[in-house]
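Written below as structure tokens is the structure these notes are about.
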Amino acid sequence: METLGKILVWLGNAVAWCWSLIGHAADSVWGFISAVIGPVASPLLGWLDPVVTILADSYYTMFDAFSPVVGLIVTSGVVGVAMLIVFRCTSNQAGIAKAKDAIKAELLAIKLYKDDLRVMFGAQGRLFVATLRLQGFMIVPMLVMLLPMLLLLAQMGTRYQQRPLRLGERTLLRVVGDDDDAGISGEGFDVEVGPIAGDGDLVWRVRATEVGAHTIHIKIGDDSLNKSLVVGKVGQPVSVKRPGVKWTSRLLHPRERPIVNDAAVKAIMIEYPELDSWVCGTDWWFLTFFVVSMVTALILKPVFRVKF
Amino acid sequence: MWRRNRFLSSGVLAVGFWLLLADVASAYVGPGAGFAVGTTVVVFFVAFLSAVFSLIFWPFRWAIRAIRGRRAFARARIKRCVILGLDGLEPSLVEKYMAAGELPNLSRLAKRGCYRKLGTTAPPLSPVAWSTFLTGCNPGKHRIFDFLTRDKRTYMPSLSSVQIRGPRRVLKLGKYRIPLGAADVRLLRRGEPFWKTLGDHGIFSNVIRVPITFPPEPLHGVLLSAMCVPDLRGSQGTFSHYTTRGEGVVDDGSPYGGTIGGERTTVAVEKGVVRSELVGPEGGVREGAGVLKCPFEVTLNGDGGRVKVCGETYELTVGEYTPWVRVRFRAGLGVTVHGICQFLLIGTEPEFDLYVTPIQIDPDKPALPISHPPVFSSYLSKKNGLYATLGLAEDTWGLNAHVLDDEAFLHQCNEADAERERMFFDALEKVRRGMVACVFDGPDRIQHMFWRYIDENHPARDLYQGRLCTDAIGQMYRRMDDLVGRTMKECDDDDTVLMVISDHGFSPFRRGIDLNAWLEKNGYLVLKDGVRGDRYLRGVDWSKTRAFCLGLAGLWLNVKGREAEGIVDPSEAGDLRDEICGKLTGLVDEEKGEPAISRAFNTRRIYSGPYTDDAPDIVVGYHRGYRVSWEAAIGQTTDNVFHDNTRAWSGDHCIDPKLVPGVMFCNRQIETDQPRLMDIGATVLEMFGVGVPKRMDGRAMRVADAGVGDSTETAEQKVA
């Protein structure tokens with residue numbers, strides 16, 4: 001038993017080491033890719049974000065009369081079908097079928113020839129290779145779908161991650177910048193406290209006084225900037241952050257134009273309350289989207305004759 | 001090298017992307033790719049865990065087996081035994097081709113170890129012979145005496161090795177009949193295969209397509225069934241021919257157009273499109289639903305076209321088979337029967353002709369169990385692609401009926417063997433310790449159908465047209481030799497014994513003997529007035545008939561108390577058997593002036609065991625060139641005793657067993673002059689150090705240890 005324990009500990013350590021290695025590798029790769037993609041992605045997003053925002057707003061008008069859950073579920077289902085079709089058109093279906101067969105064959109080989117360790121480990125090796133092949137077949141459809149999906153998810157995030165302020169509700173406006181000479185003005189809200197300078201931040205506490213889409217005018221140093229503020233019913237899109245020029249930030253916050261590179265302000269954020277539904281709200285909406293789109297795709301997979 | 005590099009780089013790229021994308025929540029890129037990425041990660045994780053657990057628990061499993069007394073290989077002289085069965089390989093042809101230097105690998109094997117003629121069974125029929133091989137018993141103990149047997153109550157023929165019935169329990173809900181459970185499939189063969197005994201001692205077996213293993217029996221190992229696996233219609237292979245030819249145009253001399261072998265459907269070409277239906281199994285869930293059908297559509301396009309079936313489209317080219325096509329028959333209430341078939345566009349002008357193979361059980365979703373464990377058939381299809389599952393996969397009836405030409409039939413044989421090769425070599429790779437047995441049917445089918453080309457006097461020699469394959473038999477022997485060569489490479493170690501065997505040899509089949517006509521002429525069988533030529537003994541007057549013929553092997557007496565309308569007193573049956581045997585032995589075909597029957601066997605004298613009474617009373621040993629006639633085999637009675645055989649099925653082996661021994665090659669010396677098929681199982685058990693069970697009639701042959709007595713005598717000298 002002692003030997004068994006040692007083996008288990010050793011295996012556990014090996015797995016942890018592998019996992020850590022994978023994490024570091026992922027970080028490095030991500031950093032590299034980000035640096036490469038940035039110069040291209042930023043102007044591209046500058047062109048795409050307004051278009052996609054208009055399209056998304058138009059699409060969501062049909063759900064104005066319903067709970068946000070309806071829009072989320074319908075959108076997830078539609079996306080499931082759309083992605084299914086795109087996947088079918090862009091993937092090597094024959095190759096995927098072959099790779100899947102190989103995976104199943106090796107899994108069955110492990111079951112059928114379990115008494116022979118040599119065969120079993122051989123099957124493990126081939127299983128690994130077949131798995132990599134299957135992953136390889138995912139590259140093209142993933143590349144095709146990556147950008148539309150990211151744009152779509154970002155738009156959905158503005159609707160289902162947080163909700164607008166309610167009348168009388170308070171929140172914090174945070175401006176990332178170094179200049180202490182700052183002030184805000186606008187309609188639909190009162191400034192209760194601020195600005196309070198923090199670690200490179202200026203923070204105001206504001207209270208919603210009027211329903212509607214408002215603009216907060218921010219004067220900081222020589223710069224004048226705006227930030228949207230939404231007060232009203234659940235389901236309206238909100239922009240948590242007016243991003244800087246970093247492309248990843250622009251990707252996640254598509255509703256407002258980014259702040260120019262040489263401004264004293266790097267970003268402006270409003271802390272909207274999180275949606276508190278078990279379907280929507282922080283991360284739940286994404287899980288709902290994942291499950292609904294997946295289930296839809298699985299159900300309709302035979303109809304569209306798609307293999308994945 | 002290039003392929004390897006490409007593979008590696010795509011693998012690295014895939015891993016890179018997975019790592020990259022998995023790091024952010026928004027990596028979810030839709031259900032297709034997302035699901036696939038997710039599942040493969042899970043698959044890999046599960047497989048890794050299973051490997052770890054297997055490694056950890058392997059010592060415990062080994063210990064448990066040891067405690068239970070299954071100390072595999074404790075007394076074994078070998079680690080692995082490989083039995084390569086080449087159904088019907090004929091010694092005289094093997095020797096001829098070896099002498100001509102055309103079979104270098106078999107010659108090498110003979111030189112290295114041994115070559116012998118292998119004693120077969122009476123009758124020398126594949127189901128009988130392979131049953132004897134796998135049980136080590138005479139037919140009186142395994143109860144397989146022929147392909148067919150007769151129903152004692154109705155005199156109708158039925159398969160001798162398997163009985164298939166619908167599910168035992170059915171839930172009746174209004175007009176629906178919902179089966180509760182699977183079909184009732186019973187193996188009628190008795191006796192225990194020697195691999196079961198090996199398994200009892202912890203020795204693993206991989207058994208591929210050895211005849212008379214359907215339904216599959218449990219064993220320590222894996223098994224894929226063969227002969228007698230039915231098609232989806234429950235028959236032993238019913239092909240379909242869709243044609244614009246009129247009903248009256250049926251090639252003469254063939255049973256086609258009736259109920260044996262194939263079914264013709266008249267179709268019409270409308271604006272270049274042909275629409276028809278594949279015929280599947282009987283019985284939907286709804287009462288009185290009849291046979292299930294699956295529509296298909298052929299769109300013609302010049303010399304070819306496309307066939308659309310079950311939503312998938314396949315290209316058709318004249319003279320070329322499609323790959324295996326999956327088809328589904330919907331029985332209702334969500335019940336679907338899965339099958340596979342191949343399409344062959346024979347011609348488009350002036351007549352449309354489309355051939356469809358018998359619709360076979362889909363190995364991936366088998367309607368009936370065809371392997372042990374059940375997932376093994378699925379494993380093989382995942383590993384190597386779809387494959388023929390029908391017991392008699394090569395459509396001999398299609399060629400007999402002139403629907404297929406030589407080349408189309410030969411293609412089926414070669415493809416079936418190619419599929420088998422992939423399974424066989426996978427088994428050799430997987431099983432390094434244990435027993436591997438695989439039977440290739442190609443030699444049997446090809447010799448059955450192409451013997452007319454090596455027999456100048458055959459009546460069917462010039463009757464067939466189309467793409468002819470006059471050297472099919474020679475090619476087949478060379479192909480089998482190549483297979484043996486590759487097998488030898490895989491068995492090139494001191495711990496592996498390789499045996500290459502055939503269950504019987506081959507002989508020309510020029511003349512058929514209508515034993516029912518002979519019995520009638522000799523007063524043993526009486527027909528009802530005005531009834532002649534009816535199938536399945538329907539015209540026989542049982543109140544006056546003492547003996548009858550049905551099947552390929554021999555004759556039955558109409559015994560009182562045994563047959564429904566028996567008239568022969570059991571006490572007189574012995575004398576009657578001897579009397580008929582005496583008259584049949586030495587029977588001469590006076591038209592040709594040749595002996596037609598070498599000898600007839602009273603089975604009560606040649607068989608022993610509990611099932612001897614189920615055997616035909618007399619087994620007929622025909623002379624070379626003769627066999628039971630086609631008509632008598634299906635219970636017809638004609639006017640003449642002797643008939644020319646004008647079918648493509650021109651070679652046979654159901655004759656005197658002494659005239660058609662099989663062959664046995666081994667990579668070790670065997671000190672037995674007259675080995676028998678029956679002895680193989682006992683020999684394998686002995687080599688693995690497992691005691692030979694008393695029930696076996698076979699005796700263990702003395703097989704030399706590796707490297708002992710390598711022969712310096714050439715194969716040609718041995719042949720001489």
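Numbering starts fresh at 1 for the residues of each chain in the structure tokens, the chains themselves are lettered A, B, ... in the order given, and ligands are numbered from 1 as they appear.
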
Please identify all residues of chain A having at least one atom at most 7 Å from any atom of chain B, considering only C-alpha atoms, and return them as a PyMOL selection string. chain A and resi 26+29-30+80+83-84+87+101-102+104-105+108+119+124+128+131-133+135-136+138-139+141-142+145-146+149-150+293-294+297+308

Just write the chosen residues, N, CA and C atoms, as a tab-separated table (two decimals), in the first residue's frame.
```
chain	number	residue	atom	x	y	z
A	26	ALA	N	0.67	28.52	-22.15
A	26	ALA	CA	-0.50	29.25	-22.63
A	26	ALA	C	-0.29	30.76	-22.47
A	29	VAL	N	2.21	31.96	-25.06
A	29	VAL	CA	1.63	31.96	-26.40
A	29	VAL	C	0.63	33.10	-26.53
A	30	TRP	N	-0.18	33.26	-25.49
A	30	TRP	CA	-1.19	34.33	-25.51
A	30	TRP	C	-0.53	35.69	-25.65
A	80	GLY	N	-26.78	28.52	-32.12
A	80	GLY	CA	-26.47	27.09	-32.20
A	80	GLY	C	-26.67	26.56	-33.61
A	83	MET	N	-24.11	28.29	-36.11
A	83	MET	CA	-22.76	27.76	-35.98
A	83	MET	C	-22.67	26.33	-36.50
A	84	LEU	N	-23.76	25.60	-36.34
A	84	LEU	CA	-23.81	24.23	-36.85
A	84	LEU	C	-23.62	24.24	-38.37
A	87	PHE	N	-20.15	25.34	-39.21
A	87	PHE	CA	-19.21	24.26	-38.92
A	87	PHE	C	-19.23	23.21	-40.02
A	101	ASP	N	-13.86	7.96	-35.49
A	101	ASP	CA	-13.84	6.50	-35.54
A	101	ASP	C	-12.56	5.96	-34.91
A	102	ALA	N	-11.45	6.62	-35.24
A	102	ALA	CA	-10.18	6.16	-34.69
A	102	ALA	C	-10.19	6.27	-33.16
A	104	LYS	N	-12.82	6.20	-31.20
A	104	LYS	CA	-13.71	5.17	-30.64
A	104	LYS	C	-13.04	3.80	-30.72
A	105	ALA	N	-12.36	3.55	-31.85
A	105	ALA	CA	-11.70	2.24	-32.00
A	105	ALA	C	-10.67	2.04	-30.91
A	108	LEU	N	-12.28	1.41	-27.62
A	108	LEU	CA	-12.78	0.03	-27.56
A	108	LEU	C	-11.62	-0.96	-27.43
A	119	VAL	N	-0.67	-3.65	-25.48
A	119	VAL	CA	-1.73	-3.23	-26.40
A	119	VAL	C	-2.42	-1.99	-25.87
A	124	GLN	N	-3.45	3.78	-26.19
A	124	GLN	CA	-3.40	5.13	-25.60
A	124	GLN	C	-2.66	6.08	-26.52
A	128	PHE	N	-4.19	9.29	-28.42
A	128	PHE	CA	-3.65	10.65	-28.30
A	128	PHE	C	-3.47	11.27	-29.68
A	131	THR	N	-6.78	12.06	-31.20
A	131	THR	CA	-7.35	13.24	-30.55
A	131	THR	C	-6.73	14.52	-31.11
A	132	LEU	N	-5.43	14.47	-31.29
A	132	LEU	CA	-4.75	15.63	-31.88
A	132	LEU	C	-5.24	15.89	-33.31
A	133	ARG	N	-5.44	14.80	-34.02
A	133	ARG	CA	-5.95	14.96	-35.40
A	133	ARG	C	-7.32	15.63	-35.38
A	135	GLN	N	-8.50	17.55	-33.07
A	135	GLN	CA	-8.29	18.96	-32.73
A	135	GLN	C	-7.84	19.74	-33.95
A	136	GLY	N	-6.97	19.10	-34.73
A	136	GLY	CA	-6.48	19.75	-35.93
A	136	GLY	C	-7.61	20.11	-36.89
A	138	MET	N	-10.42	21.00	-36.12
A	138	MET	CA	-11.22	22.10	-35.57
A	138	MET	C	-10.65	23.46	-35.90
A	139	ILE	N	-9.39	23.48	-36.34
A	139	ILE	CA	-8.72	24.77	-36.50
A	139	ILE	C	-9.46	25.67	-37.49
A	141	PRO	N	-12.65	25.67	-38.79
A	141	PRO	CA	-13.93	26.24	-38.34
A	141	PRO	C	-13.78	27.18	-37.15
A	142	MET	N	-12.82	26.88	-36.28
A	142	MET	CA	-12.64	27.78	-35.14
A	142	MET	C	-12.15	29.14	-35.59
A	145	MET	N	-15.00	30.99	-37.13
A	145	MET	CA	-16.07	31.41	-36.21
A	145	MET	C	-15.59	32.31	-35.08
A	146	LEU	N	-14.28	32.34	-34.91
A	146	LEU	CA	-13.74	33.03	-33.75
A	146	LEU	C	-14.20	34.50	-33.68
A	149	MET	N	-18.02	35.13	-33.31
A	149	MET	CA	-18.48	34.71	-31.98
A	149	MET	C	-18.04	35.69	-30.90
A	150	LEU	N	-16.82	36.17	-31.03
A	150	LEU	CA	-16.34	37.12	-30.02
A	150	LEU	C	-17.16	38.40	-30.07
A	293	SER	N	-27.18	26.62	-26.74
A	293	SER	CA	-26.65	26.48	-28.10
A	293	SER	C	-26.14	25.05	-28.32
A	294	MET	N	-25.55	24.48	-27.32
A	294	MET	CA	-25.02	23.11	-27.43
A	294	MET	C	-26.15	22.10	-27.59
A	297	ALA	N	-27.73	22.40	-30.93
A	297	ALA	CA	-26.86	21.81	-31.96
A	297	ALA	C	-26.91	20.29	-31.90
A	308	PHE	N	-19.44	16.21	-35.37
A	308	PHE	CA	-18.41	16.88	-34.56
A	308	PHE	C	-18.18	16.12	-33.27
```

I'd like to know which residues of region 26-208 of chain A are alpha helix (DSSP H) (by DSSP, run on the backbone); could you write them as number ranges by chain? A: 26-60, 68-90, 93-112, 117-160

Measuring atom to atom with only C-alpha atoms, identify which of B:Asn457, B:Leu278, B:Val42, B:Leu368 is nearest to Ile103 (chain A). B:Val42

Within 12 Å of Lys592 (chain B), counting only C-alpha atoms, which residues show up once you throw out same-chain ones fewer than 3 positions away? Write them as a PyMOL selection string, please. chain B and resi 457+510-511+588-589+595-596+625-626+642-644

Output of the above residues as a JSON list (two decimals), in the first residue's frame, restricted to N, CA and C atoms:
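To be explicit, this is the file written out as out_18.json:
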```json
[["chain", "number", "residue", "atom", "x", "y", "z"],
["B", 457, "ASN", "N", -13.59, -29.63, -69.76],
["B", 457, "ASN", "CA", -14.80, -30.39, -70.10],
["B", 457, "ASN", "C", -16.04, -29.88, -69.38],
["B", 510, "ARG", "N", -19.41, -31.24, -62.62],
["B", 510, "ARG", "CA", -19.92, -31.21, -64.00],
["B", 510, "ARG", "C", -21.33, -31.75, -64.09],
["B", 511, "ARG", "N", -21.59, -32.78, -63.28],
["B", 511, "ARG", "CA", -22.88, -33.45, -63.39],
["B", 511, "ARG", "C", -23.54, -33.53, -62.01],
["B", 588, "VAL", "N", -23.08, -45.76, -61.59],
["B", 588, "VAL", "CA", -22.38, -45.31, -62.80],
["B", 588, "VAL", "C", -23.29, -44.38, -63.60],
["B", 589, "ASP", "N", -22.70, -43.33, -64.11],
["B", 589, "ASP", "CA", -23.40, -42.43, -65.04],
["B", 589, "ASP", "C", -23.25, -43.04, -66.43],
["B", 595, "PRO", "N", -17.91, -43.52, -63.28],
["B", 595, "PRO", "CA", -18.48, -43.78, -61.94],
["B", 595, "PRO", "C", -18.95, -42.46, -61.34],
["B", 596, "ALA", "N", -20.14, -42.45, -60.78],
["B", 596, "ALA", "CA", -20.71, -41.20, -60.26],
["B", 596, "ALA", "C", -20.64, -41.13, -58.75],
["B", 625, "GLY", "N", -16.26, -34.82, -60.08],
["B", 625, "GLY", "CA", -17.06, -34.38, -61.22],
["B", 625, "GLY", "C", -18.56, -34.45, -60.95],
["B", 626, "TYR", "N", -18.93, -35.08, -59.84],
["B", 626, "TYR", "CA", -20.36, -35.25, -59.55],
["B", 626, "TYR", "C", -20.69, -34.63, -58.20],
["B", 642, "PHE", "N", -29.42, -37.92, -63.91],
["B", 642, "PHE", "CA", -28.20, -37.14, -64.15],
["B", 642, "PHE", "C", -28.51, -35.87, -64.95],
["B", 643, "HIS", "N", -27.89, -34.78, -64.54],
["B", 643, "HIS", "CA", -28.08, -33.49, -65.21],
["B", 643, "HIS", "C", -26.72, -32.82, -65.39],
["B", 644, "ASP", "N", -26.55, -32.17, -66.53],
["B", 644, "ASP", "CA", -25.36, -31.32, -66.68],
["B", 644, "ASP", "C", -25.50, -30.11, -65.77]]
```

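Remark: for Arg190 (chain B), the closest of the candidate residues B:Ser235, B:Thr132, B:Ser126, B:Ser502 is B:Thr132 (distances computed over only C-alpha atoms).
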
From the DSSP assignment of the backbone, select every residue of region 1-249 of chain A that is strand (DSSP E), and format the answer as a PyMOL selection string. chain A and resi 170-177+182-185+189-197+201-208+212-220+223-231+241-242

Write the selection just made, keeping C-alpha atoms, as a PDB file, in the first residue's frame?
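What follows is the written file result_21.pdb:
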```pdb
ATOM      1  CA  ARG A 170     -26.214  54.676  -6.507  1.00  0.00           C
ATOM      2  CA  THR A 171     -23.051  53.571  -8.198  1.00  0.00           C
ATOM      3  CA  LEU A 172     -19.406  54.482  -8.631  1.00  0.00           C
ATOM      4  CA  LEU A 173     -17.847  56.129 -11.650  1.00  0.00           C
ATOM      5  CA  ARG A 174     -14.153  55.325 -11.903  1.00  0.00           C
ATOM      6  CA  VAL A 175     -11.763  57.186 -14.184  1.00  0.00           C
ATOM      7  CA  VAL A 176      -8.322  55.735 -14.732  1.00  0.00           C
ATOM      8  CA  GLY A 177      -5.974  58.696 -15.116  1.00  0.00           C
ATOM      9  CA  ALA A 182     -11.266  66.680 -12.684  1.00  0.00           C
ATOM     10  CA  GLY A 183     -15.001  67.153 -12.650  1.00  0.00           C
ATOM     11  CA  ILE A 184     -18.144  65.562 -14.067  1.00  0.00           C
ATOM     12  CA  SER A 185     -21.483  66.951 -15.205  1.00  0.00           C
ATOM     13  CA  PHE A 189     -27.853  61.762 -12.160  1.00  0.00           C
ATOM     14  CA  ASP A 190     -26.568  63.573  -9.092  1.00  0.00           C
ATOM     15  CA  VAL A 191     -23.015  63.581  -7.924  1.00  0.00           C
ATOM     16  CA  GLU A 192     -23.032  62.671  -4.259  1.00  0.00           C
ATOM     17  CA  VAL A 193     -19.343  62.213  -3.501  1.00  0.00           C
ATOM     18  CA  GLY A 194     -16.149  62.838  -5.377  1.00  0.00           C
ATOM     19  CA  PRO A 195     -13.811  62.969  -6.886  1.00  0.00           C
ATOM     20  CA  ILE A 196     -11.788  60.818  -4.535  1.00  0.00           C
ATOM     21  CA  ALA A 197      -8.297  60.112  -5.735  1.00  0.00           C
ATOM     22  CA  ASP A 201      -7.979  56.465 -10.159  1.00  0.00           C
ATOM     23  CA  LEU A 202     -10.557  59.137  -9.585  1.00  0.00           C
ATOM     24  CA  VAL A 203     -13.862  57.947  -8.193  1.00  0.00           C
ATOM     25  CA  TRP A 204     -17.292  59.631  -7.969  1.00  0.00           C
ATOM     26  CA  ARG A 205     -20.400  58.284  -6.352  1.00  0.00           C
ATOM     27  CA  VAL A 206     -23.465  59.157  -8.418  1.00  0.00           C
ATOM     28  CA  ARG A 207     -27.192  58.547  -7.943  1.00  0.00           C
ATOM     29  CA  ALA A 208     -29.616  57.941 -10.812  1.00  0.00           C
ATOM     30  CA  GLY A 212     -33.077  57.064 -19.848  1.00  0.00           C
ATOM     31  CA  ALA A 213     -29.762  56.877 -21.637  1.00  0.00           C
ATOM     32  CA  HIS A 214     -27.607  59.716 -20.345  1.00  0.00           C
ATOM     33  CA  THR A 215     -24.178  61.049 -20.974  1.00  0.00           C
ATOM     34  CA  ILE A 216     -21.677  61.899 -18.266  1.00  0.00           C
ATOM     35  CA  HIS A 217     -19.315  64.674 -19.296  1.00  0.00           C
ATOM     36  CA  ILE A 218     -15.920  64.297 -17.720  1.00  0.00           C
ATOM     37  CA  LYS A 219     -13.387  67.099 -17.643  1.00  0.00           C
ATOM     38  CA  ILE A 220      -9.944  66.012 -16.597  1.00  0.00           C
ATOM     39  CA  ASP A 223      -9.286  66.536 -21.829  1.00  0.00           C
ATOM     40  CA  SER A 224     -13.049  66.336 -22.135  1.00  0.00           C
ATOM     41  CA  LEU A 225     -14.575  62.903 -22.363  1.00  0.00           C
ATOM     42  CA  ASN A 226     -18.031  61.326 -22.273  1.00  0.00           C
ATOM     43  CA  LYS A 227     -19.343  58.141 -20.731  1.00  0.00           C
ATOM     44  CA  SER A 228     -22.779  56.657 -21.210  1.00  0.00           C
ATOM     45  CA  LEU A 229     -25.037  55.977 -18.256  1.00  0.00           C
ATOM     46  CA  VAL A 230     -28.179  53.920 -18.577  1.00  0.00           C
ATOM     47  CA  VAL A 231     -31.026  54.148 -16.067  1.00  0.00           C
ATOM     48  CA  LYS A 241     -16.323  50.559 -19.538  1.00  0.00           C
ATOM     49  CA  ARG A 242     -15.268  53.021 -22.133  1.00  0.00           C
TER      50      ARG A 242
END
```

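Of the residues listed (B:Gln636, B:Trp556, B:Asp362, B:Trp542), B:Trp556 shows the shortest atom-to-atom separation from Thr603 (chain B); distances use only C-alpha atoms.
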
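Shortest atom-to-atom contact with Thr61 (chain A) among A:Ala14, A:Val245, A:Gln236, A:Ile299: A:Gln236, counting only C-alpha atoms.
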
Of the listed residues A:Ser34, A:Ser20, A:Ser76, A:Gln162, that which approaches Thr296 (chain A) most closely, counting only C-alpha atoms: A:Ser76

Need to verify the contact set: Gly689 (chain B), 8 Å, only C-alpha atoms, exclusion of same-chain residues closer than 6 positions in sequence. Can you return it as number ranges by chain? B: 73-77

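For Thr357 (chain B), the non-local neighbours within 9 Å, defined as residues at least 4 positions apart in the same chain or in other chains and counting only C-alpha atoms, are B:Gly237, B:Thr238, B:Phe239, B:Ser240, B:His241, B:Ile340, B:Cys341, B:Gln342, B:Phe343, B:Leu344, B:Asp395, B:Gly398.
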
Can those selected residues be exported to a file as a CSV table (one decimal), in the first residue's frame so that it contains N, CA, C and O atoms?
```
chain,number,residue,atom,x,y,z
B,237,GLY,N,-28.7,-14.4,-47.9
B,237,GLY,CA,-28.2,-13.5,-48.9
B,237,GLY,C,-29.1,-13.3,-50.0
B,237,GLY,O,-29.1,-14.2,-50.9
B,238,THR,N,-29.9,-12.3,-50.0
B,238,THR,CA,-30.8,-12.0,-51.2
B,238,THR,C,-30.4,-10.7,-51.8
B,238,THR,O,-30.6,-9.6,-51.2
B,239,PHE,N,-29.9,-10.8,-53.0
B,239,PHE,CA,-29.5,-9.6,-53.8
B,239,PHE,C,-30.8,-9.0,-54.4
B,239,PHE,O,-31.8,-9.7,-54.5
B,240,SER,N,-30.6,-7.8,-54.9
B,240,SER,CA,-31.7,-7.1,-55.6
B,240,SER,C,-31.2,-6.6,-56.9
B,240,SER,O,-30.1,-6.1,-57.0
B,241,HIS,N,-32.1,-6.8,-57.9
B,241,HIS,CA,-31.7,-6.3,-59.2
B,241,HIS,C,-32.9,-5.4,-59.7
B,241,HIS,O,-34.0,-5.8,-59.9
B,340,ILE,N,-26.2,-2.3,-44.1
B,340,ILE,CA,-25.3,-1.8,-45.1
B,340,ILE,C,-25.4,-2.5,-46.4
B,340,ILE,O,-25.8,-3.7,-46.4
B,341,CYS,N,-25.1,-1.9,-47.5
B,341,CYS,CA,-25.1,-2.6,-48.8
B,341,CYS,C,-24.2,-1.8,-49.8
B,341,CYS,O,-23.8,-0.7,-49.5
B,342,GLN,N,-24.0,-2.4,-50.9
B,342,GLN,CA,-23.3,-1.7,-52.0
B,342,GLN,C,-24.1,-1.7,-53.2
B,342,GLN,O,-24.9,-2.7,-53.5
B,343,PHE,N,-24.0,-0.7,-54.0
B,343,PHE,CA,-24.7,-0.5,-55.3
B,343,PHE,C,-23.7,-0.8,-56.4
B,343,PHE,O,-22.5,-0.3,-56.3
B,344,LEU,N,-24.2,-1.4,-57.4
B,344,LEU,CA,-23.4,-1.6,-58.6
B,344,LEU,C,-24.2,-1.3,-59.8
B,344,LEU,O,-25.2,-2.0,-60.1
B,395,ASP,N,-21.6,-13.0,-53.3
B,395,ASP,CA,-22.9,-13.3,-53.9
B,395,ASP,C,-22.8,-14.3,-55.1
B,395,ASP,O,-22.8,-13.9,-56.2
B,398,GLY,N,-25.7,-14.2,-57.5
B,398,GLY,CA,-25.7,-13.1,-58.5
B,398,GLY,C,-25.0,-13.5,-59.8
B,398,GLY,O,-25.4,-13.1,-60.9
```

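Nearest residue to Ile270 (chain A) among A:Leu165, A:Leu287, A:Val295, A:Ile73 is A:Leu165, counting only C-alpha atoms.
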
Can you tell me, as a PyMOL selection string, what residues are no more than 6 Å from Thr209 (chain A) when counting only C-alpha atoms, ignoring any on the same chain fewer than 3 positions away? chain A and resi 167-168+188-189

Residues just named, written with all heavy atoms as a compact mmCIF listing (two decimals), in the first residue's frame:
```txt
# COMPACT_ATOMS: atom_id res chain seq x y z
N LEU A 167 -33.94 53.79 -10.77
CA LEU A 167 -34.12 55.19 -10.33
C LEU A 167 -33.75 55.30 -8.85
O LEU A 167 -34.22 54.52 -8.03
CB LEU A 167 -35.58 55.61 -10.56
CG LEU A 167 -35.86 57.08 -10.72
CD1 LEU A 167 -35.06 57.68 -11.90
CD2 LEU A 167 -37.33 57.32 -10.93
N GLY A 168 -32.86 56.21 -8.55
CA GLY A 168 -32.44 56.41 -7.15
C GLY A 168 -31.28 55.55 -6.73
O GLY A 168 -30.75 55.68 -5.64
N GLY A 188 -29.64 63.52 -15.50
CA GLY A 188 -30.12 62.18 -15.16
C GLY A 188 -29.44 61.59 -13.97
O GLY A 188 -29.76 60.47 -13.56
N PHE A 189 -28.54 62.29 -13.36
CA PHE A 189 -27.85 61.76 -12.16
C PHE A 189 -27.39 62.92 -11.30
O PHE A 189 -27.22 64.05 -11.78
CB PHE A 189 -26.66 60.89 -12.56
CG PHE A 189 -25.57 61.64 -13.26
CD1 PHE A 189 -24.49 62.17 -12.54
CD2 PHE A 189 -25.60 61.86 -14.63
CE1 PHE A 189 -23.49 62.87 -13.18
CE2 PHE A 189 -24.60 62.55 -15.28
CZ PHE A 189 -23.53 63.06 -14.55
```

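Here CA of Thr158 (chain A) stands at a distance of 15.3 Å from CA of Val51 (chain A).
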